[in-house]
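**Q** My questions all concern the structure below.
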Amino acid sequence: MKLNVERKVLDDLKKLPSKDWALIRSKLREFEKTGKGDIRKIRDGLFRLRIGKWRIFYWQEEDEAYILKILPREVAYRLDVIDEMIRRIARLRAGKKGEI
């Protein structure tokens, strides 16, 4: 599976403590190779990959995954956050993939 990650997501990752960043990076590499992990469908094509206290939200189309957000569990499931990601998926589906 090919992972597409927005620059903003990468910038946010670099701000994390190095231990968390290393864990997330290794698990994302594993996910990219196998497509497996602690995955749950949230709604409308939005999926969640759980890595420790972090939640990686993505949209998947065929063999490509678009990483939308990486958030701590405490804020990850707020309705406004989920709704924002659903709107982002709608824009991606409409063909505006240039930002990713």
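In the structure tokens, the first chain shown is A, the next is B, and so on; residue numbers restart at 1 for each chain, and ligands run from 1 in the order shown.
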From chain A, collect each residue whose DSSP state is strand (DSSP E) and return the set as a count of residues only.
**A** 33
**Q** Write out as a list in words which residues come within 8 Å of segment 44-52 of chain A when counting only C-alpha atoms, dropping same-chain ones fewer than 5 positions away.
**A**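 Residues near the query, excluding close chain neighbours: Leu23, Ile24, Lys27, Gly37, Asp38, Ile39, Phe57, Tyr58, Trp59, Gln60, Met85, Ile86 and Ile89 of chain A.
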**Q** Could those residues be written to a file, using N, CA and C atoms, as a CSV table (one decimal), in the first residue's frame?
**A**
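To be explicit, this is the file written out as result-v1.csv:
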chain,number,residue,atom,x,y,z
A,23,LEU,N,8.1,5.5,17.2
A,23,LEU,CA,7.1,4.5,17.3
A,23,LEU,C,6.1,4.6,16.1
A,24,ILE,N,5.6,5.9,15.9
A,24,ILE,CA,4.7,6.1,14.8
A,24,ILE,C,5.3,5.8,13.5
A,27,LYS,N,5.6,2.0,12.9
A,27,LYS,CA,4.3,1.4,12.7
A,27,LYS,C,3.7,1.8,11.4
A,37,GLY,N,-2.9,-3.6,10.9
A,37,GLY,CA,-2.6,-2.9,12.2
A,37,GLY,C,-3.9,-2.8,13.0
A,38,ASP,N,-4.0,-2.1,14.0
A,38,ASP,CA,-5.2,-1.9,14.8
A,38,ASP,C,-6.1,-0.8,14.1
A,39,ILE,N,-6.9,-1.3,13.2
A,39,ILE,CA,-7.6,-0.4,12.3
A,39,ILE,C,-9.1,-0.5,12.6
A,57,PHE,N,-5.6,9.0,11.4
A,57,PHE,CA,-6.8,8.9,10.6
A,57,PHE,C,-6.4,9.0,9.1
A,58,TYR,N,-7.0,8.2,8.3
A,58,TYR,CA,-6.7,8.1,6.9
A,58,TYR,C,-7.9,7.7,6.1
A,59,TRP,N,-7.8,8.0,4.8
A,59,TRP,CA,-8.8,7.6,3.8
A,59,TRP,C,-8.1,6.7,2.9
A,60,GLN,N,-8.7,5.6,2.5
A,60,GLN,CA,-8.1,4.6,1.6
A,60,GLN,C,-8.9,4.5,0.3
A,85,MET,N,-12.4,16.0,9.0
A,85,MET,CA,-11.8,14.9,8.2
A,85,MET,C,-12.7,14.4,7.1
A,86,ILE,N,-14.0,14.3,7.4
A,86,ILE,CA,-15.0,13.8,6.4
A,86,ILE,C,-15.1,14.8,5.3
A,89,ILE,N,-12.1,14.3,3.1
A,89,ILE,CA,-12.3,13.2,2.2
A,89,ILE,C,-13.2,13.5,1.0
**Q** Pull the helix (DSSP H, G or I) assignments for chain A out of DSSP run on the backbone, and list those residues as a PyMOL selection string.
**A** chain A and resi 7-14+18-34+73-76+79-93+97-99
**Q** Pick out the closest residue to Asp20 of chain A from this set: A:Lys69, A:Arg78, A:Lys53, A:Arg88. Count only C-alpha atoms.
**A**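 Distance minimum relative to Asp20 of chain A lands on A:Lys53.
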**Q** I'd like the contact shell of segment 1-12 of chain A - 7 Å cut-off, only C-alpha atoms, skipping same-chain residues fewer than 3 positions apart - returned as a list in words.
**A**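 That gives Lys15, Glu32, Lys33, Gly35, Asp63, Glu64, Ala65, Tyr66, Ile67, Lys69, Ile70, Glu99 and Ile100 of chain A.
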**Q** One decimal, in Å: what's the spacing between atom CA of Lys14 of chain A and atom CA of Leu71 of chain A?
**A**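 Separating atom CA of Lys14 of chain A from atom CA of Leu71 of chain A is a distance of 13.0 Å.
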**Q** Would you please work out which residue, of A:Leu92, A:Ala76, A:Lys41, A:Pro17, is nearest to Trp54 of chain A when using only C-alpha atoms?
**A**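 The answer is A:Ala76, which sits nearest to Trp54 of chain A.
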**Q** Of the candidates A:Ile82, A:Arg93, A:Leu68, A:Ser26, which one gets nearest to Arg43 of chain A if we count only C-alpha atoms?
**A**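 Among A:Ile82, A:Arg93, A:Leu68, A:Ser26, it is A:Ile82 that comes nearest to Arg43 of chain A.
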**Q** Which residue gives the smallest distance to Val75 of chain A among A:Arg40, A:Arg55, A:Arg25, A:Arg87, with only C-alpha atoms counted?
**A**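 Checking each of A:Arg40, A:Arg55, A:Arg25, A:Arg87 against Val75 of chain A, counting only C-alpha atoms, the winner is A:Arg55.
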